[in-house]
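Student: Handing you a structure now.
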Amino acid sequence: MVVLATKVYVAGDARDRALDGLESMVANTLDGLDVTFEVGHRDDDFPTVTVEGDDAVVARNLLREEWGEITPHLDDGEVHVGTLESWDDDGFVLDAGQRVRIPADQLGLGQGSPEQIRTRFGLVQHMPLRFVAGDPPRLADEEQDRLYEWTRGTGRLNINSATRSEVRATINRAGHAQDIVTVERLGLLEQSVVCREGTDPPGLLASVGEYLPAELLCVVP
């Protein structure tokens with residue numbers, strides 16, 4: 001069984017739609033492999049995928065590569081994935097199956113308080129982040145590089161509590177399909193809308209925000 005490093009924290013019909021969407025994405029990832037699988041979720045909202053069949057090892061590795069994995073033990077010096085649960089003046093708190101506090105001086109994302117850094121890089125709650133386990137843990141170099149690259153791009157609008165298809169439909173409904181490049185999946189319910197050159201991310205937020213009961217943060221280049 002693989003415990004995916006993303007969360008299903010919505011309830012009711014929204015949870016059912018999210019898990020149905022996850023099942024479709026897993027089926028697409030494992031297409032062509034000799035496996036059967038079942039999607040479930042734990043009490044802490046992390047989804048699970050149980051895989052059986054001749055290609056089960058390959059399938060599990062593909063899922064780990066695409067989603068990251070929540071593991072029972074955190075090995076010092078190894079890169080793991082956790083979801084952003086909270087933040088305060090002392091740093092970020094990630095959920096990696098256990099609470100992991102990344103001190104402010106281990107974020108590696110420049111000057112400012114953790115709240116200012118979170119806002120500047122568009123880090124919506126629950127989005128997955130890679131970190132290096134240790135004493136203290138730190139944000140992984142590849143995660144820092146990814147976030148800095150966002151600030152050198154054309155701008156982004158990051159969103160939580162919505163599937164990729166829901167975000168695409170909302171962008172179309174608001175009449176902004178021509179203003180974006182794509183919608184990148186950060187987690188199952190966390191998405192990043194990549195703006196076209198010349199699109200104003202705060203303006204896009206103001207336009208689509210009324211349609212999405214979610215947290216939205218801009219990354220302004």
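Residue names in the structure tokens use chain letters A, B, ... in the order shown, residue numbers from 1 in each chain, and ligand numbers from 1 in the order shown.
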Compile the contact shell of region 164-167 of chain A as a list in words: residues with an atom at most 10 Å away, counting only C-alpha atoms, same-chain residues fewer than 5 positions apart removed.

Tutor: Ala18, Gly21, Ile159, Asn172, Arg173, Val183, Glu184, Arg185, Leu186, Gly187, Leu188, Leu189, Glu190, Gln191, Ser192, Val193, Val208, Tyr211 and Leu212 of chain A

Student: Under the rule of at most 8 Å, produce a per-residue listing of region 94-129 of chain A near region 135-141 of chain A: chain, number, name, the closest pair of atoms, and the distance in Å, as JSON lines, using only C-alpha atoms.

Tutor:
{"residue": "A:Val100", "atom": "CA", "partner": "A:Pro137", "partner_atom": "CA", "distance": 7.6}
{"residue": "A:Arg101", "atom": "CA", "partner": "A:Pro137", "partner_atom": "CA", "distance": 7.2}
{"residue": "A:Ile102", "atom": "CA", "partner": "A:Arg138", "partner_atom": "CA", "distance": 5.6}
{"residue": "A:Pro103", "atom": "CA", "partner": "A:Pro136", "partner_atom": "CA", "distance": 7.4}
{"residue": "A:Gln106", "atom": "CA", "partner": "A:Arg138", "partner_atom": "CA", "distance": 4.8}
{"residue": "A:Leu107", "atom": "CA", "partner": "A:Leu139", "partner_atom": "CA", "distance": 5.2}
{"residue": "A:Gly108", "atom": "CA", "partner": "A:Leu139", "partner_atom": "CA", "distance": 6.9}
{"residue": "A:Leu129", "atom": "CA", "partner": "A:Leu139", "partner_atom": "CA", "distance": 7.7}

Student: Considering only C-alpha atoms, return as a PyMOL selection string whatever protein or nucleic-acid residues lie within 12 Å of Glu65 (chain A), sequence-local ones (same chain, fewer than 3 positions apart) excluded.

Tutor: chain A and resi 2+4-5+29+58-62+68-69+80-81

Student: For the residues in that selection, give me all heavy atoms as an mmCIF file, in the first residue's frame.

Tutor:
data_model
loop_
_atom_site.group_PDB
_atom_site.id
_atom_site.type_symbol
_atom_site.label_atom_id
_atom_site.label_comp_id
_atom_site.auth_asym_id
_atom_site.auth_seq_id
_atom_site.Cartn_x
_atom_site.Cartn_y
_atom_site.Cartn_z
ATOM 1 N N VAL A 2 0.491 2.234 -0.810
ATOM 2 C CA VAL A 2 1.180 3.516 -0.860
ATOM 3 C C VAL A 2 0.255 4.566 -0.262
ATOM 4 O O VAL A 2 -0.905 4.685 -0.665
ATOM 5 C CB VAL A 2 1.547 3.905 -2.311
ATOM 6 C CG1 VAL A 2 2.263 5.248 -2.329
ATOM 7 C CG2 VAL A 2 2.411 2.831 -2.958
ATOM 8 N N LEU A 4 -0.387 8.284 -0.239
ATOM 9 C CA LEU A 4 -0.016 9.412 -1.086
ATOM 10 C C LEU A 4 0.146 10.688 -0.261
ATOM 11 O O LEU A 4 -0.623 10.948 0.666
ATOM 12 C CB LEU A 4 -1.071 9.628 -2.169
ATOM 13 C CG LEU A 4 -1.392 8.428 -3.064
ATOM 14 C CD1 LEU A 4 -2.377 8.834 -4.153
ATOM 15 C CD2 LEU A 4 -0.132 7.825 -3.669
ATOM 16 N N ALA A 5 1.125 11.507 -0.635
ATOM 17 C CA ALA A 5 1.440 12.736 0.099
ATOM 18 C C ALA A 5 0.578 13.897 -0.391
ATOM 19 O O ALA A 5 1.061 14.901 -0.908
ATOM 20 C CB ALA A 5 2.919 13.062 -0.028
ATOM 21 N N THR A 29 -2.253 6.728 -14.539
ATOM 22 C CA THR A 29 -0.830 6.508 -14.243
ATOM 23 C C THR A 29 -0.445 5.052 -14.438
ATOM 24 O O THR A 29 0.638 4.737 -14.949
ATOM 25 C CB THR A 29 -0.514 6.943 -12.799
ATOM 26 O OG1 THR A 29 -0.788 8.339 -12.657
ATOM 27 C CG2 THR A 29 0.942 6.677 -12.441
ATOM 28 N N VAL A 58 6.485 -1.877 -9.799
ATOM 29 C CA VAL A 58 6.610 -0.749 -10.736
ATOM 30 C C VAL A 58 5.492 0.260 -10.486
ATOM 31 O O VAL A 58 5.722 1.473 -10.468
ATOM 32 C CB VAL A 58 6.564 -1.249 -12.190
ATOM 33 C CG1 VAL A 58 6.538 -0.078 -13.172
ATOM 34 C CG2 VAL A 58 7.753 -2.154 -12.476
ATOM 35 N N ALA A 59 4.290 -0.230 -10.263
ATOM 36 C CA ALA A 59 3.140 0.647 -10.044
ATOM 37 C C ALA A 59 3.330 1.499 -8.790
ATOM 38 O O ALA A 59 3.077 2.712 -8.802
ATOM 39 C CB ALA A 59 1.865 -0.176 -9.939
ATOM 40 N N ARG A 60 3.778 0.868 -7.718
ATOM 41 C CA ARG A 60 3.978 1.624 -6.478
ATOM 42 C C ARG A 60 5.043 2.694 -6.659
ATOM 43 O O ARG A 60 4.909 3.813 -6.165
ATOM 44 C CB ARG A 60 4.357 0.672 -5.344
ATOM 45 C CG ARG A 60 3.242 -0.291 -4.945
ATOM 46 C CD ARG A 60 3.625 -1.096 -3.699
ATOM 47 N NE ARG A 60 2.712 -2.222 -3.534
ATOM 48 C CZ ARG A 60 3.003 -3.479 -3.777
ATOM 49 N NH1 ARG A 60 4.226 -3.811 -4.214
ATOM 50 N NH2 ARG A 60 2.096 -4.430 -3.604
ATOM 51 N N ASN A 61 6.092 2.366 -7.382
ATOM 52 C CA ASN A 61 7.151 3.349 -7.621
ATOM 53 C C ASN A 61 6.640 4.522 -8.454
ATOM 54 O O ASN A 61 7.010 5.680 -8.204
ATOM 55 C CB ASN A 61 8.345 2.695 -8.306
ATOM 56 C CG ASN A 61 9.127 1.792 -7.364
ATOM 57 O OD1 ASN A 61 9.080 1.962 -6.143
ATOM 58 N ND2 ASN A 61 9.846 0.828 -7.918
ATOM 59 N N LEU A 62 5.797 4.255 -9.437
ATOM 60 C CA LEU A 62 5.213 5.327 -10.241
ATOM 61 C C LEU A 62 4.357 6.248 -9.381
ATOM 62 O O LEU A 62 4.399 7.476 -9.524
ATOM 63 C CB LEU A 62 4.382 4.747 -11.380
ATOM 64 C CG LEU A 62 5.148 4.157 -12.565
ATOM 65 C CD1 LEU A 62 4.185 3.460 -13.518
ATOM 66 C CD2 LEU A 62 5.935 5.243 -13.289
ATOM 67 N N GLY A 68 4.503 11.549 -4.283
ATOM 68 C CA GLY A 68 5.204 11.501 -3.013
ATOM 69 C C GLY A 68 4.508 10.520 -2.087
ATOM 70 O O GLY A 68 3.362 10.129 -2.324
ATOM 71 N N GLU A 69 5.207 10.117 -1.023
ATOM 72 C CA GLU A 69 4.661 9.096 -0.139
ATOM 73 C C GLU A 69 4.816 9.509 1.314
ATOM 74 O O GLU A 69 5.844 10.057 1.727
ATOM 75 C CB GLU A 69 5.372 7.765 -0.363
ATOM 76 C CG GLU A 69 4.821 6.631 0.490
ATOM 77 C CD GLU A 69 5.537 5.317 0.272
ATOM 78 O OE1 GLU A 69 6.680 5.344 -0.237
ATOM 79 O OE2 GLU A 69 4.969 4.261 0.600
ATOM 80 N N HIS A 80 11.635 13.993 2.164
ATOM 81 C CA HIS A 80 10.279 13.500 2.393
ATOM 82 C C HIS A 80 9.294 14.578 1.948
ATOM 83 O O HIS A 80 9.703 15.680 1.560
ATOM 84 C CB HIS A 80 10.072 13.154 3.870
ATOM 85 C CG HIS A 80 10.938 12.044 4.354
ATOM 86 N ND1 HIS A 80 10.572 10.725 4.289
ATOM 87 C CD2 HIS A 80 12.178 12.053 4.921
ATOM 88 C CE1 HIS A 80 11.526 9.964 4.788
ATOM 89 N NE2 HIS A 80 12.513 10.747 5.180
ATOM 90 N N VAL A 81 8.022 14.271 2.000
ATOM 91 C CA VAL A 81 6.983 15.215 1.607
ATOM 92 C C VAL A 81 5.980 15.349 2.753
ATOM 93 O O VAL A 81 5.587 14.367 3.374
ATOM 94 C CB VAL A 81 6.246 14.768 0.328
ATOM 95 C CG1 VAL A 81 5.243 15.841 -0.104
ATOM 96 C CG2 VAL A 81 7.231 14.480 -0.788
#

Student: Can you tell me, as a PyMOL selection string, which residues in region 22-218 of chain A count as helix (DSSP H, G or I) by DSSP?

Tutor: chain A and resi 22-29+56-67+104-106+114-120+141-151+164-173+177-179+201-211

Student: Quick one: of A:Leu157, A:Ile117, A:Leu74, A:Leu109, who's nearest to Gly134 (chain A), counting only C-alpha atoms?

Tutor: A:Leu74

Student: Have a look at A:Ala162, A:Gly40, A:Glu78, A:Ala169 and name the one nearest to Arg17 (chain A); count only C-alpha atoms.

Tutor: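 Smallest distance to Arg17 (chain A) is found for A:Ala162.
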
Student: So which one's closest to Thr71 (chain A), A:Thr48, A:Gln116, A:Ser161, A:Gln178? Using only C-alpha atoms, please.

Tutor: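 Closest to Thr71 (chain A) of all the choices is A:Thr48.
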
Student: DSSP says strand (DSSP E or B) for which residues of region 12-198 of chain A? Put them as a PyMOL selection string?

Tutor: chain A and resi 36-41+47-52+69+79-88+91-95+99-103+128-132+138-139+156-160+180-185+190-195

Student: Just checking: using only C-alpha atoms, which residue out of A:Arg168, A:Arg64, A:Arg99, A:Arg146 ends up closest to Val26 (chain A)?

Tutor: A:Arg64
